[in-house]
>>> print(open('data-v3.cif').read())   # mmCIF, C-alpha atoms and all ligand atoms
data_coords
loop_
_atom_site.label_atom_id
_atom_site.label_comp_id
_atom_site.auth_asym_id
_atom_site.auth_seq_id
_atom_site.Cartn_x
_atom_site.Cartn_y
_atom_site.Cartn_z
CA MET A 1 -56.84 137.87 80.83
CA LYS A 2 -54.72 138.13 83.95
CA LEU A 3 -53.94 135.45 86.49
CA LEU A 4 -53.50 136.28 90.16
CA LEU A 5 -52.00 133.63 92.43
CA PHE A 6 -52.22 134.24 96.17
CA ASP A 7 -50.16 132.65 98.89
CA ILE A 8 -52.29 131.68 101.91
CA ASP A 9 -50.45 131.82 105.28
CA GLY A 10 -49.38 135.34 106.22
CA THR A 11 -50.85 136.75 103.01
CA LEU A 12 -54.59 135.96 103.09
CA LEU A 13 -54.90 134.71 106.64
CA LEU A 14 -53.26 133.51 109.82
CA THR A 15 -54.49 130.40 111.61
CA ASN A 16 -52.88 131.67 114.81
CA GLY A 17 -51.05 128.44 115.50
CA ALA A 18 -53.76 126.00 114.42
CA GLY A 19 -51.62 124.66 111.55
CA THR A 20 -48.59 124.28 113.81
CA ARG A 21 -50.63 122.54 116.51
CA ALA A 22 -52.13 120.13 113.97
CA ALA A 23 -48.69 119.24 112.58
CA ASN A 24 -47.26 118.86 116.08
CA ARG A 25 -50.10 116.52 117.05
CA ALA A 26 -49.50 114.37 113.95
CA PHE A 27 -45.79 114.03 114.75
CA GLU A 28 -46.42 113.26 118.36
CA LYS A 29 -49.07 110.67 117.50
CA ILE A 30 -46.83 108.74 115.09
CA TYR A 31 -43.28 109.35 116.37
CA GLY A 32 -43.82 110.45 119.96
CA ILE A 33 -42.01 113.69 119.10
CA LYS A 34 -43.40 116.77 120.84
CA ASN A 35 -43.45 120.28 119.35
CA ALA A 36 -41.56 119.21 116.22
CA MET A 37 -42.69 122.33 114.35
CA ASN A 38 -41.40 124.69 117.00
CA GLN A 39 -37.77 124.02 116.08
CA ILE A 40 -38.10 125.26 112.50
CA ASP A 41 -38.97 128.40 110.55
CA ALA A 42 -41.81 127.26 108.33
CA ALA A 43 -42.68 130.63 106.73
CA GLY A 44 -42.75 130.40 102.95
CA LYS A 45 -41.69 126.74 102.88
CA THR A 46 -43.75 124.00 101.30
CA ASP A 47 -45.16 121.21 103.49
CA PRO A 48 -42.77 118.61 101.98
CA LEU A 49 -39.77 120.86 102.71
CA ILE A 50 -41.00 121.41 106.28
CA LEU A 51 -41.38 117.65 106.65
CA LYS A 52 -37.87 117.08 105.33
CA GLU A 53 -36.45 119.59 107.81
CA ILE A 54 -38.27 118.02 110.75
CA PHE A 55 -37.08 114.54 109.82
CA LEU A 56 -33.50 115.76 109.59
CA ASN A 57 -33.77 117.61 112.91
CA GLU A 58 -35.52 114.93 114.88
CA LEU A 59 -34.61 111.63 113.21
CA ASN A 60 -31.45 112.52 111.32
CA ARG A 61 -32.78 111.15 108.04
CA ASP A 62 -35.13 111.88 105.16
CA TYR A 63 -38.70 110.55 105.07
CA ALA A 64 -40.25 107.87 102.88
CA GLN A 65 -43.39 108.67 100.85
CA GLN A 66 -45.58 106.37 102.96
CA GLU A 67 -44.42 108.16 106.10
CA ALA A 68 -45.47 111.49 104.59
CA ARG A 69 -48.85 110.01 103.65
CA ALA A 70 -49.38 108.67 107.19
CA LEU A 71 -48.49 112.04 108.70
CA TYR A 72 -50.79 113.93 106.32
CA ASP A 73 -53.60 111.44 107.09
CA HIS A 74 -53.33 112.45 110.76
CA TYR A 75 -52.63 116.11 110.08
CA ILE A 76 -55.78 116.76 108.04
CA PRO A 77 -58.40 115.83 110.70
CA PHE A 78 -56.27 117.56 113.35
CA LEU A 79 -56.21 120.66 111.15
CA GLU A 80 -60.02 120.59 110.78
CA GLU A 81 -60.31 120.35 114.54
CA GLU A 82 -57.70 123.02 115.34
CA THR A 83 -58.93 125.57 112.79
CA GLY A 84 -62.46 124.96 114.11
CA LYS A 85 -61.30 126.00 117.58
CA ALA A 86 -58.92 128.79 116.57
CA GLU A 87 -59.60 132.42 115.93
CA ILE A 88 -58.69 132.75 112.23
CA THR A 89 -57.33 136.16 111.22
CA VAL A 90 -58.09 137.41 107.72
CA MET A 91 -55.38 139.90 106.78
CA PRO A 92 -56.25 143.60 106.44
CA GLY A 93 -58.08 144.44 103.22
CA VAL A 94 -58.17 140.86 101.98
CA ARG A 95 -61.94 140.34 102.07
CA GLN A 96 -62.77 143.52 100.15
CA LEU A 97 -59.91 142.95 97.69
CA LEU A 98 -61.06 139.40 96.88
CA GLU A 99 -64.71 140.50 96.58
CA ASN A 100 -63.61 143.20 94.16
CA LEU A 101 -61.32 140.98 92.06
CA THR A 102 -63.71 138.02 91.92
CA ALA A 103 -66.36 140.26 90.35
CA ARG A 104 -64.10 141.18 87.44
CA GLU A 105 -64.12 139.33 84.15
CA ASP A 106 -60.57 140.11 83.10
CA MET A 107 -59.01 138.19 85.97
CA VAL A 108 -58.75 134.64 87.26
CA LEU A 109 -57.86 134.01 90.89
CA GLY A 110 -56.02 131.01 92.27
CA VAL A 111 -53.78 130.09 95.17
CA ALA A 112 -50.08 129.23 95.12
CA THR A 113 -49.28 127.79 98.51
CA GLY A 114 -46.88 125.40 100.19
CA ASN A 115 -49.81 123.77 101.98
CA ILE A 116 -50.84 120.33 100.77
CA GLU A 117 -54.11 120.74 98.87
CA GLU A 118 -56.50 119.39 101.51
CA GLY A 119 -54.84 121.59 104.13
CA ALA A 120 -55.08 124.66 101.93
CA TRP A 121 -58.85 124.24 101.41
CA ILE A 122 -59.41 123.68 105.15
CA LYS A 123 -57.58 126.91 105.96
CA LEU A 124 -59.44 128.89 103.25
CA ARG A 125 -62.80 127.46 104.38
CA SER A 126 -62.09 128.29 108.01
CA ALA A 127 -61.73 131.94 106.98
CA GLY A 128 -64.68 131.91 104.55
CA LEU A 129 -62.34 132.68 101.64
CA ASP A 130 -62.64 129.41 99.70
CA LYS A 131 -65.48 130.79 97.53
CA HIS A 132 -62.98 133.05 95.74
CA PHE A 133 -60.78 130.22 94.49
CA LYS A 134 -61.40 127.15 92.36
CA PHE A 135 -57.87 125.93 91.76
CA GLY A 136 -54.29 126.40 92.75
CA GLY A 137 -50.81 124.98 93.04
CA PHE A 138 -50.04 123.21 96.31
CA GLY A 139 -47.31 121.64 98.39
CA SER A 140 -48.80 118.30 97.40
CA ASP A 141 -47.91 119.09 93.76
CA SER A 142 -44.24 119.78 94.43
CA HIS A 143 -41.76 120.58 97.17
CA SER A 144 -40.62 123.42 94.90
CA ARG A 145 -42.61 126.63 95.07
CA GLU A 146 -41.59 127.47 91.51
CA HIS A 147 -43.02 124.19 90.24
CA LEU A 148 -46.26 124.49 92.18
CA ILE A 149 -46.74 128.00 90.78
CA LEU A 150 -46.33 126.54 87.28
CA LYS A 151 -48.85 123.83 88.20
CA ALA A 152 -51.34 126.53 89.25
CA LEU A 153 -50.79 128.25 85.90
CA ASP A 154 -51.47 124.96 84.15
CA ARG A 155 -54.72 124.43 86.05
CA ALA A 156 -55.77 128.05 85.49
CA LYS A 157 -56.07 127.35 81.76
CA ASP A 158 -58.99 124.98 82.48
CA HIS A 159 -60.88 127.87 84.08
CA ILE A 160 -61.01 130.30 81.19
CA ALA A 161 -63.22 130.09 78.13
CA HIS A 162 -60.48 130.51 75.53
CA PRO A 163 -57.28 129.15 76.94
CA THR A 164 -54.59 131.38 75.59
CA GLU A 165 -51.50 132.60 77.32
CA PHE A 166 -52.25 134.92 80.20
CA GLU A 167 -51.25 138.48 79.42
CA LYS A 168 -49.91 138.92 82.96
CA ILE A 169 -49.39 136.60 85.90
CA PHE A 170 -49.04 137.92 89.44
CA VAL A 171 -47.79 136.02 92.48
CA ILE A 172 -48.78 137.68 95.76
CA GLY A 173 -47.05 136.56 98.96
CA ASP A 174 -45.50 137.47 102.30
CA THR A 175 -42.04 135.87 102.06
CA PRO A 176 -38.91 136.04 99.88
CA TYR A 177 -39.84 132.54 98.64
CA ASP A 178 -43.00 133.88 97.02
CA ILE A 179 -41.01 136.66 95.37
CA ASN A 180 -38.02 134.64 94.17
CA HIS A 181 -39.95 131.57 93.03
CA GLY A 182 -42.71 133.70 91.52
CA ARG A 183 -40.14 135.54 89.44
CA ALA A 184 -38.48 132.26 88.45
CA ALA A 185 -41.87 131.01 87.25
CA GLY A 186 -42.19 134.10 85.04
CA ALA A 187 -44.69 136.03 87.16
CA LEU A 188 -44.77 139.62 88.33
CA THR A 189 -44.29 139.55 92.09
CA VAL A 190 -46.16 141.36 94.83
CA GLY A 191 -44.71 141.36 98.34
CA VAL A 192 -46.99 141.98 101.32
CA ALA A 193 -45.39 142.56 104.72
CA THR A 194 -48.20 141.03 106.77
CA GLY A 195 -46.33 137.82 107.59
CA SER A 196 -43.07 137.25 109.40
CA TYR A 197 -40.93 139.32 107.01
CA SER A 198 -40.71 143.10 107.25
CA ARG A 199 -41.13 145.45 104.33
CA ALA A 200 -37.35 146.08 104.33
CA GLN A 201 -36.59 142.34 104.27
CA LEU A 202 -38.94 141.80 101.33
CA GLU A 203 -37.55 144.83 99.52
CA GLU A 204 -34.13 143.18 99.37
CA HIS A 205 -35.66 140.62 96.99
CA ASN A 206 -36.88 143.30 94.59
CA PRO A 207 -40.57 142.44 94.20
CA ASP A 208 -42.31 144.28 91.35
CA HIS A 209 -44.72 145.73 93.91
CA LEU A 210 -44.54 145.94 97.68
CA PHE A 211 -47.21 146.74 100.28
CA ASP A 212 -47.32 146.96 104.07
CA ASP A 213 -50.74 145.27 103.78
CA LEU A 214 -53.59 145.01 101.24
CA ASN A 215 -55.82 147.50 103.00
CA ASN A 216 -55.74 150.31 100.43
CA LEU A 217 -58.01 148.81 97.77
CA GLN A 218 -57.44 151.50 95.14
CA SER A 219 -53.64 151.38 95.30
CA VAL A 220 -53.65 147.58 95.23
CA ILE A 221 -56.01 147.06 92.31
CA ARG A 222 -54.14 149.67 90.27
CA ILE A 223 -51.13 147.34 89.93
CA PHE A 224 -53.30 144.66 88.29
CA GLU A 225 -54.37 146.92 85.41
MG MG A 301 -46.91 132.75 103.35
#
>>> encode(input="data-v3.cif", output="structure tokens", more="lines below")
Ligand SMILES: [Mg+2]
Amino acid sequence: MKLLLFDIDGTLLLTNGAGTRAANRAFEKIYGIKNAMNQIDAAGKTDPLILKEIFLNELNRDYAQQEARALYDHYIPFLEEETGKAEITVMPGVRQLLENLTAREDMVLGVATGNIEEGAWIKLRSAGLDKHFKFGGFGSDSHSREHLILKALDRAKDHIAHPTEFEKIFVIGDTPYDINHGRAAGALTVGVATGSYSRAQLEEHNPDHLFDDLNNLQSVIRIFE
């Protein structure tokens, strides 16, 4: 049995600014800070790390847990609203790849994303991709991508009939964070240059496999054999 863990933003889909707008609205609502997200590079970072960076930038301090909870409580309905209005882009080849992989019995699919869990499901639903996933590791599990990948692996064991060790684990993502933390978690890593990092930039981090996009079904599924 193999386990495939997909990153969401830049790998499966793009919300075309809906996530950023939702986070900006939450910050403005609570702290009166406008466009807080626009000052930072969020790609590949977990929601708690993004939050930490914004607090340091804007308020010169770290955040308390109840502040994070209050922000997330505003962010989630804003995200529903913004993804409902936005044109969601599903990355090239993703729909046919997921249809193909979901039908197979030698693989289990999950997500490994920096999004908090509720946010991740909203984004997947908005693209019609949620049906392919039943579990994952999320930014709400840990600020560390390595740890949330391990959490996804843990949860994956509840979704197979005979929980043994997975023969292979793949982490598929669009940033160096997916590659480096995936490797640290013991996974084979697959870089996809559909996000904000180029193929050359991802190559520097030595992923086990590297694609411009996931459009060539045959060449992609071959690596999971
Ligand atoms: Mg990403």
>>> closest_atom_pairs(input="data-v3.cif", of="chain A", to="ligand MG 301 (chain A)", cutoff="12 Å", atoms="all atoms listed in the file", output="CSV")
residue,atom,partner,partner_atom,distance
A:Phe6,CA,A:MG301,MG,9.1
A:Asp7,CA,A:MG301,MG,5.5
A:Ile8,CA,A:MG301,MG,5.7
A:Asp9,CA,A:MG301,MG,4.1
A:Gly10,CA,A:MG301,MG,4.6
A:Thr11,CA,A:MG301,MG,5.6
A:Leu12,CA,A:MG301,MG,8.3
A:Leu13,CA,A:MG301,MG,8.9
A:Leu14,CA,A:MG301,MG,9.1
A:Thr15,CA,A:MG301,MG,11.5
A:Asp41,CA,A:MG301,MG,11.6
A:Ala42,CA,A:MG301,MG,9.0
A:Ala43,CA,A:MG301,MG,5.8
A:Gly44,CA,A:MG301,MG,4.8
A:Lys45,CA,A:MG301,MG,8.0
A:Thr46,CA,A:MG301,MG,9.5
A:Asp47,CA,A:MG301,MG,11.7
A:Met91,CA,A:MG301,MG,11.6
A:Val111,CA,A:MG301,MG,11.0
A:Ala112,CA,A:MG301,MG,9.5
A:Thr113,CA,A:MG301,MG,7.3
A:Gly114,CA,A:MG301,MG,8.0
A:Asn115,CA,A:MG301,MG,9.5
A:Ala120,CA,A:MG301,MG,11.6
A:Arg145,CA,A:MG301,MG,11.2
A:Val171,CA,A:MG301,MG,11.4
A:Ile172,CA,A:MG301,MG,9.2
A:Gly173,CA,A:MG301,MG,5.8
A:Asp174,CA,A:MG301,MG,5.0
A:Thr175,CA,A:MG301,MG,5.9
A:Pro176,CA,A:MG301,MG,9.3
A:Tyr177,CA,A:MG301,MG,8.5
A:Asp178,CA,A:MG301,MG,7.5
A:Ile179,CA,A:MG301,MG,10.7
A:Gly191,CA,A:MG301,MG,10.2
A:Val192,CA,A:MG301,MG,9.5
A:Ala193,CA,A:MG301,MG,10.0
A:Thr194,CA,A:MG301,MG,9.1
A:Gly195,CA,A:MG301,MG,6.6
A:Ser196,CA,A:MG301,MG,8.5
A:Tyr197,CA,A:MG301,MG,9.6
>>> closest_residue(input="data-v3.cif", among="A:Ala156, A:Leu71, A:Leu59, A:Ile149", to="Ala187 in chain A", atoms="only C-alpha atoms")
A:Ile149
>>> atom_distance(input="data-v3.cif", atom1="CA of Glu28 in chain A", atom2="CA of Glu58 in chain A")
11.6 Å
>>> residues_near_point(input="data-v3.cif", point="(-45.9, 135.9, 84.3)", cutoff="10 Å", atoms="only C-alpha atoms", output="PDB file with C-alpha atoms, keeping the file's coordinate frame")
ATOM      1  CA  LYS A   2     -54.720 138.130  83.950  1.00  0.00           C
ATOM      2  CA  LEU A   3     -53.940 135.450  86.490  1.00  0.00           C
ATOM      3  CA  LEU A   4     -53.500 136.280  90.160  1.00  0.00           C
ATOM      4  CA  LEU A 150     -46.330 126.540  87.280  1.00  0.00           C
ATOM      5  CA  LEU A 153     -50.790 128.250  85.900  1.00  0.00           C
ATOM      6  CA  GLU A 165     -51.500 132.600  77.320  1.00  0.00           C
ATOM      7  CA  PHE A 166     -52.250 134.920  80.200  1.00  0.00           C
ATOM      8  CA  GLU A 167     -51.250 138.480  79.420  1.00  0.00           C
ATOM      9  CA  LYS A 168     -49.910 138.920  82.960  1.00  0.00           C
ATOM     10  CA  ILE A 169     -49.390 136.600  85.900  1.00  0.00           C
ATOM     11  CA  PHE A 170     -49.040 137.920  89.440  1.00  0.00           C
ATOM     12  CA  VAL A 171     -47.790 136.020  92.480  1.00  0.00           C
ATOM     13  CA  GLY A 182     -42.710 133.700  91.520  1.00  0.00           C
ATOM     14  CA  ARG A 183     -40.140 135.540  89.440  1.00  0.00           C
ATOM     15  CA  ALA A 184     -38.480 132.260  88.450  1.00  0.00           C
ATOM     16  CA  ALA A 185     -41.870 131.010  87.250  1.00  0.00           C
ATOM     17  CA  GLY A 186     -42.190 134.100  85.040  1.00  0.00           C
ATOM     18  CA  ALA A 187     -44.690 136.030  87.160  1.00  0.00           C
ATOM     19  CA  LEU A 188     -44.770 139.620  88.330  1.00  0.00           C
ATOM     20  CA  THR A 189     -44.290 139.550  92.090  1.00  0.00           C
TER      21      THR A 189
END
>>> residues_around(input="data-v3.cif", residues="range 77-84 of chain A", least_positions_apart="2", cutoff="10 Å", atoms="only C-alpha atoms", output="list in words")
Thr15, Asn16, Gly17, Ala18, Gly19, Thr20, Arg21, Ala22, Ala23, Asn24, Arg25, Ala26, Tyr72, Asp73, His74, Tyr75, Ala86, Glu87, Ile88, Glu118, Gly119, Ile122, Lys123, Arg125, Ser126 and Ala127 of chain A
>>> write_last_selection(input="data-v3.cif", atoms="C-alpha atoms", output="short mmCIF file (atom, residue, chain, number, x, y, z; two decimals), in the coordinates of the input")
data_model
loop_
_atom_site.label_atom_id
_atom_site.label_comp_id
_atom_site.auth_asym_id
_atom_site.auth_seq_id
_atom_site.Cartn_x
_atom_site.Cartn_y
_atom_site.Cartn_z
CA THR A 15 -54.49 130.40 111.61
CA ASN A 16 -52.88 131.67 114.81
CA GLY A 17 -51.05 128.44 115.50
CA ALA A 18 -53.76 126.00 114.42
CA GLY A 19 -51.62 124.66 111.55
CA THR A 20 -48.59 124.28 113.81
CA ARG A 21 -50.63 122.54 116.51
CA ALA A 22 -52.13 120.13 113.97
CA ALA A 23 -48.69 119.24 112.58
CA ASN A 24 -47.26 118.86 116.08
CA ARG A 25 -50.10 116.52 117.05
CA ALA A 26 -49.50 114.37 113.95
CA TYR A 72 -50.79 113.93 106.32
CA ASP A 73 -53.60 111.44 107.09
CA HIS A 74 -53.33 112.45 110.76
CA TYR A 75 -52.63 116.11 110.08
CA ALA A 86 -58.92 128.79 116.57
CA GLU A 87 -59.60 132.42 115.93
CA ILE A 88 -58.69 132.75 112.23
CA GLU A 118 -56.50 119.39 101.51
CA GLY A 119 -54.84 121.59 104.13
CA ILE A 122 -59.41 123.68 105.15
CA LYS A 123 -57.58 126.91 105.96
CA ARG A 125 -62.80 127.46 104.38
CA SER A 126 -62.09 128.29 108.01
CA ALA A 127 -61.73 131.94 106.98
#
>>> residues_around(input="data-v3.cif", residues="Arg222 in chain A", least_positions_apart="4", cutoff="12 Å", atoms="only C-alpha atoms", output="JSON, numbers by chain")
{"A": [97, 101, 209, 214, 216, 217, 218]}
>>> residues_around(input="data-v3.cif", residues="Glu99 in chain A", least_positions_apart="2", cutoff="12 Å", atoms="all atoms listed in the file", output="JSON, numbers by chain")
{"A": [93, 94, 95, 96, 97, 101, 102, 103, 104, 109, 128, 129, 130, 131, 132, 133, 217, 221]}
>>> residues_near_point(input="data-v3.cif", point="(-51.4, 122.7, 94.3)", cutoff="7 Å", atoms="only C-alpha atoms", output="JSON, numbers by chain")
{"A": [112, 113, 116, 117, 136, 137, 138, 139, 140, 141, 148, 151, 152]}
>>> atom_distance(input="data-v3.cif", atom1="CA of His205 in chain A", atom2="CA of Phe224 in chain A")
20.1 Å
>>> atom_distance(input="data-v3.cif", atom1="CA of Leu98 in chain A", atom2="CA of Leu210 in chain A")
17.8 Å
>>> build_atoms(input="data-v3.cif", residues="range 197-225 of chain A", atoms="N, CA and C atoms", output="PDB file, in the coordinates of the input")
ATOM      1  N   TYR A 197     -42.000 138.506 107.598  1.00  0.00           N
ATOM      2  CA  TYR A 197     -40.930 139.320 107.010  1.00  0.00           C
ATOM      3  C   TYR A 197     -41.355 140.785 106.941  1.00  0.00           C
ATOM      4  N   SER A 198     -40.414 141.664 107.286  1.00  0.00           N
ATOM      5  CA  SER A 198     -40.710 143.100 107.250  1.00  0.00           C
ATOM      6  C   SER A 198     -40.667 143.603 105.804  1.00  0.00           C
ATOM      7  N   ARG A 199     -41.171 144.803 105.646  1.00  0.00           N
ATOM      8  CA  ARG A 199     -41.130 145.450 104.330  1.00  0.00           C
ATOM      9  C   ARG A 199     -39.686 145.543 103.826  1.00  0.00           C
ATOM     10  N   ALA A 200     -38.760 145.942 104.714  1.00  0.00           N
ATOM     11  CA  ALA A 200     -37.350 146.080 104.330  1.00  0.00           C
ATOM     12  C   ALA A 200     -36.753 144.738 103.909  1.00  0.00           C
ATOM     13  N   GLN A 201     -37.107 143.676 104.622  1.00  0.00           N
ATOM     14  CA  GLN A 201     -36.590 142.340 104.270  1.00  0.00           C
ATOM     15  C   GLN A 201     -37.119 141.899 102.901  1.00  0.00           C
ATOM     16  N   LEU A 202     -38.370 142.183 102.632  1.00  0.00           N
ATOM     17  CA  LEU A 202     -38.940 141.800 101.330  1.00  0.00           C
ATOM     18  C   LEU A 202     -38.341 142.651 100.213  1.00  0.00           C
ATOM     19  N   GLU A 203     -38.096 143.903 100.509  1.00  0.00           N
ATOM     20  CA  GLU A 203     -37.550 144.830  99.520  1.00  0.00           C
ATOM     21  C   GLU A 203     -36.212 144.357  98.963  1.00  0.00           C
ATOM     22  N   GLU A 204     -35.426 143.709  99.808  1.00  0.00           N
ATOM     23  CA  GLU A 204     -34.130 143.180  99.370  1.00  0.00           C
ATOM     24  C   GLU A 204     -34.260 142.201  98.207  1.00  0.00           C
ATOM     25  N   HIS A 205     -35.454 141.606  98.053  1.00  0.00           N
ATOM     26  CA  HIS A 205     -35.660 140.620  96.990  1.00  0.00           C
ATOM     27  C   HIS A 205     -36.310 141.224  95.754  1.00  0.00           C
ATOM     28  N   ASN A 206     -36.415 142.559  95.762  1.00  0.00           N
ATOM     29  CA  ASN A 206     -36.880 143.300  94.590  1.00  0.00           C
ATOM     30  C   ASN A 206     -38.207 142.817  93.988  1.00  0.00           C
ATOM     31  N   PRO A 207     -39.258 142.763  94.791  1.00  0.00           N
ATOM     32  CA  PRO A 207     -40.570 142.440  94.200  1.00  0.00           C
ATOM     33  C   PRO A 207     -40.978 143.558  93.242  1.00  0.00           C
ATOM     34  N   ASP A 208     -41.845 143.240  92.276  1.00  0.00           N
ATOM     35  CA  ASP A 208     -42.310 144.280  91.350  1.00  0.00           C
ATOM     36  C   ASP A 208     -43.183 145.299  92.073  1.00  0.00           C
ATOM     37  N   HIS A 209     -43.886 144.839  93.090  1.00  0.00           N
ATOM     38  CA  HIS A 209     -44.720 145.730  93.910  1.00  0.00           C
ATOM     39  C   HIS A 209     -44.578 145.293  95.361  1.00  0.00           C
ATOM     40  N   LEU A 210     -44.726 146.268  96.264  1.00  0.00           N
ATOM     41  CA  LEU A 210     -44.540 145.940  97.680  1.00  0.00           C
ATOM     42  C   LEU A 210     -45.527 146.758  98.521  1.00  0.00           C
ATOM     43  N   PHE A 211     -46.234 146.069  99.414  1.00  0.00           N
ATOM     44  CA  PHE A 211     -47.210 146.740 100.280  1.00  0.00           C
ATOM     45  C   PHE A 211     -46.987 146.360 101.734  1.00  0.00           C
ATOM     46  N   ASP A 212     -47.319 147.306 102.643  1.00  0.00           N
ATOM     47  CA  ASP A 212     -47.320 146.960 104.070  1.00  0.00           C
ATOM     48  C   ASP A 212     -48.443 145.952 104.339  1.00  0.00           C
ATOM     49  N   ASP A 213     -49.601 146.197 103.724  1.00  0.00           N
ATOM     50  CA  ASP A 213     -50.740 145.270 103.780  1.00  0.00           C
ATOM     51  C   ASP A 213     -51.619 145.552 102.564  1.00  0.00           C
ATOM     52  N   LEU A 214     -52.740 144.856 102.442  1.00  0.00           N
ATOM     53  CA  LEU A 214     -53.590 145.010 101.240  1.00  0.00           C
ATOM     54  C   LEU A 214     -54.801 145.887 101.521  1.00  0.00           C
ATOM     55  N   ASN A 215     -54.677 146.743 102.513  1.00  0.00           N
ATOM     56  CA  ASN A 215     -55.820 147.500 103.000  1.00  0.00           C
ATOM     57  C   ASN A 215     -56.277 148.630 102.071  1.00  0.00           C
ATOM     58  N   ASN A 216     -55.354 149.215 101.312  1.00  0.00           N
ATOM     59  CA  ASN A 216     -55.740 150.310 100.430  1.00  0.00           C
ATOM     60  C   ASN A 216     -56.165 149.766  99.064  1.00  0.00           C
ATOM     61  N   LEU A 217     -57.467 149.498  98.957  1.00  0.00           N
ATOM     62  CA  LEU A 217     -58.010 148.810  97.770  1.00  0.00           C
ATOM     63  C   LEU A 217     -57.590 149.483  96.467  1.00  0.00           C
ATOM     64  N   GLN A 218     -57.726 150.814  96.400  1.00  0.00           N
ATOM     65  CA  GLN A 218     -57.440 151.500  95.140  1.00  0.00           C
ATOM     66  C   GLN A 218     -55.969 151.341  94.720  1.00  0.00           C
ATOM     67  N   SER A 219     -55.054 151.484  95.677  1.00  0.00           N
ATOM     68  CA  SER A 219     -53.640 151.380  95.300  1.00  0.00           C
ATOM     69  C   SER A 219     -53.253 149.940  94.969  1.00  0.00           C
ATOM     70  N   VAL A 220     -53.962 148.980  95.556  1.00  0.00           N
ATOM     71  CA  VAL A 220     -53.650 147.580  95.230  1.00  0.00           C
ATOM     72  C   VAL A 220     -54.189 147.212  93.857  1.00  0.00           C
ATOM     73  N   ILE A 221     -55.449 147.522  93.594  1.00  0.00           N
ATOM     74  CA  ILE A 221     -56.010 147.060  92.310  1.00  0.00           C
ATOM     75  C   ILE A 221     -55.364 147.765  91.111  1.00  0.00           C
ATOM     76  N   ARG A 222     -54.808 148.941  91.357  1.00  0.00           N
ATOM     77  CA  ARG A 222     -54.140 149.670  90.270  1.00  0.00           C
ATOM     78  C   ARG A 222     -52.981 148.853  89.649  1.00  0.00           C
ATOM     79  N   ILE A 223     -52.288 148.084  90.466  1.00  0.00           N
ATOM     80  CA  ILE A 223     -51.130 147.340  89.930  1.00  0.00           C
ATOM     81  C   ILE A 223     -51.566 146.198  89.005  1.00  0.00           C
ATOM     82  N   PHE A 224     -52.836 145.779  89.120  1.00  0.00           N
ATOM     83  CA  PHE A 224     -53.300 144.660  88.290  1.00  0.00           C
ATOM     84  C   PHE A 224     -53.861 145.120  86.950  1.00  0.00           C
ATOM     85  N   GLU A 225     -53.821 146.417  86.686  1.00  0.00           N
ATOM     86  CA  GLU A 225     -54.370 146.920  85.410  1.00  0.00           C
ATOM     87  C   GLU A 225     -53.465 146.555  84.260  1.00  0.00           C
TER      88      GLU A 225
END
